[in-house]
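J.: Structure file my_file32.cif, mmCIF, N, CA and C atoms, is pasted below:
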data_run
#
loop_
_atom_site.label_atom_id
_atom_site.label_comp_id
_atom_site.auth_asym_id
_atom_site.auth_seq_id
_atom_site.Cartn_x
_atom_site.Cartn_y
_atom_site.Cartn_z
N MET A 103 -4.06 -42.76 11.56
CA MET A 103 -3.27 -43.98 11.52
C MET A 103 -2.74 -44.25 12.93
N PRO A 104 -2.88 -45.46 13.48
CA PRO A 104 -2.43 -45.76 14.82
C PRO A 104 -0.92 -45.79 14.90
N SER A 105 -0.42 -45.49 16.07
CA SER A 105 1.02 -45.53 16.27
C SER A 105 1.51 -46.97 16.31
N SER A 106 2.82 -47.15 16.22
CA SER A 106 3.36 -48.51 16.23
C SER A 106 3.09 -49.20 17.57
N ALA A 107 3.03 -48.44 18.65
CA ALA A 107 2.72 -49.04 19.95
C ALA A 107 1.30 -49.57 19.96
N GLY A 108 0.37 -48.85 19.35
CA GLY A 108 -1.01 -49.30 19.28
C GLY A 108 -1.14 -50.54 18.42
N ALA A 109 -0.40 -50.56 17.32
CA ALA A 109 -0.44 -51.73 16.44
C ALA A 109 0.13 -52.94 17.14
N SER A 110 1.21 -52.73 17.88
CA SER A 110 1.82 -53.83 18.61
C SER A 110 0.84 -54.39 19.65
N ALA A 111 0.16 -53.52 20.35
CA ALA A 111 -0.80 -53.97 21.36
C ALA A 111 -1.93 -54.74 20.70
N GLY A 112 -2.33 -54.33 19.52
CA GLY A 112 -3.38 -55.04 18.80
C GLY A 112 -2.96 -56.45 18.45
N PHE A 113 -1.71 -56.61 18.03
CA PHE A 113 -1.22 -57.94 17.71
C PHE A 113 -1.13 -58.80 18.96
N GLU A 114 -0.78 -58.23 20.08
CA GLU A 114 -0.70 -59.01 21.32
C GLU A 114 -2.07 -59.53 21.71
N ARG A 115 -3.10 -58.69 21.60
CA ARG A 115 -4.47 -59.14 21.91
C ARG A 115 -4.88 -60.26 20.96
N SER A 116 -4.54 -60.11 19.70
CA SER A 116 -4.89 -61.12 18.71
C SER A 116 -4.16 -62.43 19.01
N THR A 117 -2.89 -62.34 19.35
CA THR A 117 -2.11 -63.53 19.67
C THR A 117 -2.65 -64.21 20.91
N ASP A 118 -2.99 -63.41 21.92
CA ASP A 118 -3.54 -63.99 23.15
C ASP A 118 -4.84 -64.74 22.87
N SER A 119 -5.71 -64.15 22.06
CA SER A 119 -6.98 -64.82 21.78
C SER A 119 -6.76 -66.06 20.91
N THR A 120 -5.78 -66.02 20.02
CA THR A 120 -5.47 -67.20 19.20
C THR A 120 -4.95 -68.33 20.06
N VAL A 121 -4.06 -68.00 20.99
CA VAL A 121 -3.52 -69.02 21.89
C VAL A 121 -4.64 -69.62 22.73
N ALA A 122 -5.52 -68.78 23.23
CA ALA A 122 -6.65 -69.28 24.03
C ALA A 122 -7.54 -70.20 23.20
N ALA A 123 -7.79 -69.83 21.96
CA ALA A 123 -8.63 -70.67 21.08
C ALA A 123 -7.94 -72.00 20.79
N LEU A 124 -6.63 -71.97 20.59
CA LEU A 124 -5.89 -73.21 20.34
C LEU A 124 -5.94 -74.13 21.56
N VAL A 125 -5.79 -73.56 22.74
CA VAL A 125 -5.84 -74.37 23.97
C VAL A 125 -7.24 -74.96 24.14
N ARG A 126 -8.28 -74.15 23.91
CA ARG A 126 -9.64 -74.67 24.01
C ARG A 126 -9.88 -75.80 23.01
N THR A 127 -9.37 -75.65 21.81
CA THR A 127 -9.53 -76.69 20.79
C THR A 127 -8.82 -77.96 21.20
N ALA A 128 -7.58 -77.83 21.69
CA ALA A 128 -6.81 -79.02 22.08
C ALA A 128 -7.45 -79.73 23.27
N VAL A 129 -8.02 -78.99 24.19
CA VAL A 129 -8.65 -79.60 25.37
C VAL A 129 -9.99 -80.25 25.01
N SER A 130 -10.77 -79.57 24.19
CA SER A 130 -12.10 -80.10 23.87
C SER A 130 -12.06 -81.20 22.80
N ARG A 131 -11.05 -81.16 21.94
CA ARG A 131 -10.95 -82.16 20.87
C ARG A 131 -9.51 -82.69 20.81
N PRO A 132 -9.17 -83.65 21.66
CA PRO A 132 -7.79 -84.16 21.72
C PRO A 132 -7.26 -84.67 20.38
N ALA A 133 -8.12 -85.10 19.48
CA ALA A 133 -7.66 -85.56 18.17
C ALA A 133 -7.04 -84.42 17.35
N MET A 134 -7.33 -83.18 17.72
CA MET A 134 -6.80 -82.02 17.00
C MET A 134 -5.42 -81.59 17.50
N VAL A 135 -4.90 -82.22 18.55
CA VAL A 135 -3.61 -81.82 19.11
C VAL A 135 -2.49 -81.84 18.06
N PRO A 136 -2.38 -82.87 17.21
CA PRO A 136 -1.32 -82.81 16.18
C PRO A 136 -1.47 -81.61 15.23
N ALA A 137 -2.69 -81.29 14.85
CA ALA A 137 -2.92 -80.14 13.97
C ALA A 137 -2.56 -78.83 14.67
N VAL A 138 -2.89 -78.73 15.95
CA VAL A 138 -2.54 -77.54 16.72
C VAL A 138 -1.02 -77.43 16.81
N ALA A 139 -0.34 -78.54 17.03
CA ALA A 139 1.13 -78.53 17.12
C ALA A 139 1.76 -78.08 15.80
N VAL A 140 1.23 -78.55 14.69
CA VAL A 140 1.76 -78.13 13.38
C VAL A 140 1.52 -76.64 13.17
N TYR A 141 0.33 -76.15 13.50
CA TYR A 141 0.02 -74.73 13.35
C TYR A 141 0.98 -73.88 14.18
N VAL A 142 1.18 -74.27 15.43
CA VAL A 142 2.08 -73.51 16.32
C VAL A 142 3.50 -73.55 15.77
N GLY A 143 3.96 -74.71 15.33
CA GLY A 143 5.31 -74.83 14.79
C GLY A 143 5.53 -73.95 13.57
N VAL A 144 4.60 -73.98 12.64
CA VAL A 144 4.73 -73.16 11.43
C VAL A 144 4.71 -71.68 11.78
N THR A 145 3.84 -71.30 12.70
CA THR A 145 3.75 -69.90 13.10
C THR A 145 5.03 -69.42 13.77
N VAL A 146 5.58 -70.22 14.66
CA VAL A 146 6.82 -69.84 15.36
C VAL A 146 7.98 -69.73 14.38
N VAL A 147 8.13 -70.71 13.50
CA VAL A 147 9.23 -70.67 12.53
C VAL A 147 9.08 -69.46 11.61
N SER A 148 7.88 -69.17 11.14
CA SER A 148 7.70 -68.03 10.24
C SER A 148 8.00 -66.71 10.94
N ARG A 149 7.62 -66.60 12.20
CA ARG A 149 7.94 -65.36 12.93
C ARG A 149 9.43 -65.22 13.17
N LEU A 150 10.11 -66.32 13.50
CA LEU A 150 11.55 -66.27 13.70
C LEU A 150 12.27 -65.88 12.40
N LEU A 151 11.86 -66.46 11.30
CA LEU A 151 12.47 -66.11 10.01
C LEU A 151 12.20 -64.66 9.64
N ALA A 152 11.00 -64.18 9.92
CA ALA A 152 10.67 -62.79 9.61
C ALA A 152 11.52 -61.84 10.44
N CYS A 153 11.76 -62.18 11.69
CA CYS A 153 12.58 -61.32 12.56
C CYS A 153 14.05 -61.34 12.15
N SER A 154 14.51 -62.46 11.63
CA SER A 154 15.93 -62.55 11.28
C SER A 154 16.25 -61.87 9.97
N ARG A 155 15.25 -61.46 9.21
CA ARG A 155 15.48 -60.85 7.90
C ARG A 155 15.16 -59.36 7.89
N ARG A 156 15.35 -58.69 8.97
CA ARG A 156 15.02 -57.26 9.02
C ARG A 156 15.91 -56.43 8.11
N GLY A 157 17.12 -56.87 7.86
CA GLY A 157 18.05 -56.09 7.04
C GLY A 157 17.86 -56.27 5.55
N THR A 158 16.98 -57.13 5.13
CA THR A 158 16.80 -57.36 3.69
C THR A 158 16.06 -56.19 3.06
N ALA A 159 16.50 -55.84 1.89
CA ALA A 159 15.86 -54.73 1.17
C ALA A 159 14.98 -55.28 0.06
N TRP A 160 13.91 -54.59 -0.19
CA TRP A 160 13.05 -54.95 -1.31
C TRP A 160 13.67 -54.34 -2.56
N HIS A 161 13.80 -55.13 -3.60
CA HIS A 161 14.40 -54.64 -4.83
C HIS A 161 13.32 -54.42 -5.87
N ARG A 162 13.56 -53.44 -6.70
CA ARG A 162 12.59 -53.09 -7.74
C ARG A 162 12.76 -54.00 -8.95
N ASP A 163 11.66 -54.49 -9.46
CA ASP A 163 11.69 -55.30 -10.67
C ASP A 163 11.54 -54.36 -11.86
N SER A 164 12.64 -54.14 -12.56
CA SER A 164 12.61 -53.20 -13.67
C SER A 164 12.49 -53.93 -15.02
N SER A 165 12.28 -55.23 -15.00
CA SER A 165 12.22 -55.98 -16.25
C SER A 165 10.99 -55.65 -17.08
N THR A 166 9.92 -55.17 -16.45
CA THR A 166 8.71 -54.85 -17.20
C THR A 166 8.52 -53.35 -17.38
N ARG A 167 9.48 -52.58 -16.99
CA ARG A 167 9.35 -51.11 -17.09
C ARG A 167 10.14 -50.57 -18.24
#
Translate this file's structure into structure tokens.
T.:
Amino acid sequence: MPSSAGASAGFERSTDSTVAALVRTAVSRPAMVPAVAVYVGVTVVSRLLACSRRGTAWHRDSSTR
């Protein structure tokens, strides 16, 4: 199992390639700029919300047990 540092580096490479692909798409197809903006906005908001909820605990659903 990779360490957390390795996993983090993997996500950075993935993010870098995603950003590069988005820039290439926006440059080659200007009509896609609004879609790229929406994708980036949703991604940023979801990451910010995920970071702000680190203290939340997962609760067990005992209603079916």
J.: Enclose stretch 140-148 of chain A, meaning all of its atoms listed in the file, in a box aligned along x, y and z, pad it by 6 Å on each side, and list the centre and edge lengths in Å to one decimal, as AutoDock Vina command-line options.
T.:
--center_x 4.6 --center_y -72.6 --center_z 13.3 --size_x 21.2 --size_y 23.8 --size_z 18.1
J.: So which residues touch stretch 124-131 of chain A within 12 Å, counting only C-alpha atoms, skipping near sequence neighbours fewer than 6 positions away, as a VMD selection string?
T.: chain A and resid 117 to 118 137 to 142
J.: Please indicate the distance in Å from atom CA of A:Met134 to atom N of A:Arg115, rounded to one decimal place.
T.: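 We find that atom CA of A:Met134 and atom N of A:Arg115 lie 24.1 Å from each other.
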J.: Rounded to one decimal in Å, what is the spacing between atom CA of A:Arg162 and atom CA of A:Val147?
T.: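 According to the coordinates, atom CA of A:Arg162 and atom CA of A:Val147 are separated by 27.0 Å.
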J.: Atom C of A:Pro132 to atom N of A:Val144: how many Å, to one decimal?
T.: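 Computing it gives 17.7 Å between the two atoms.
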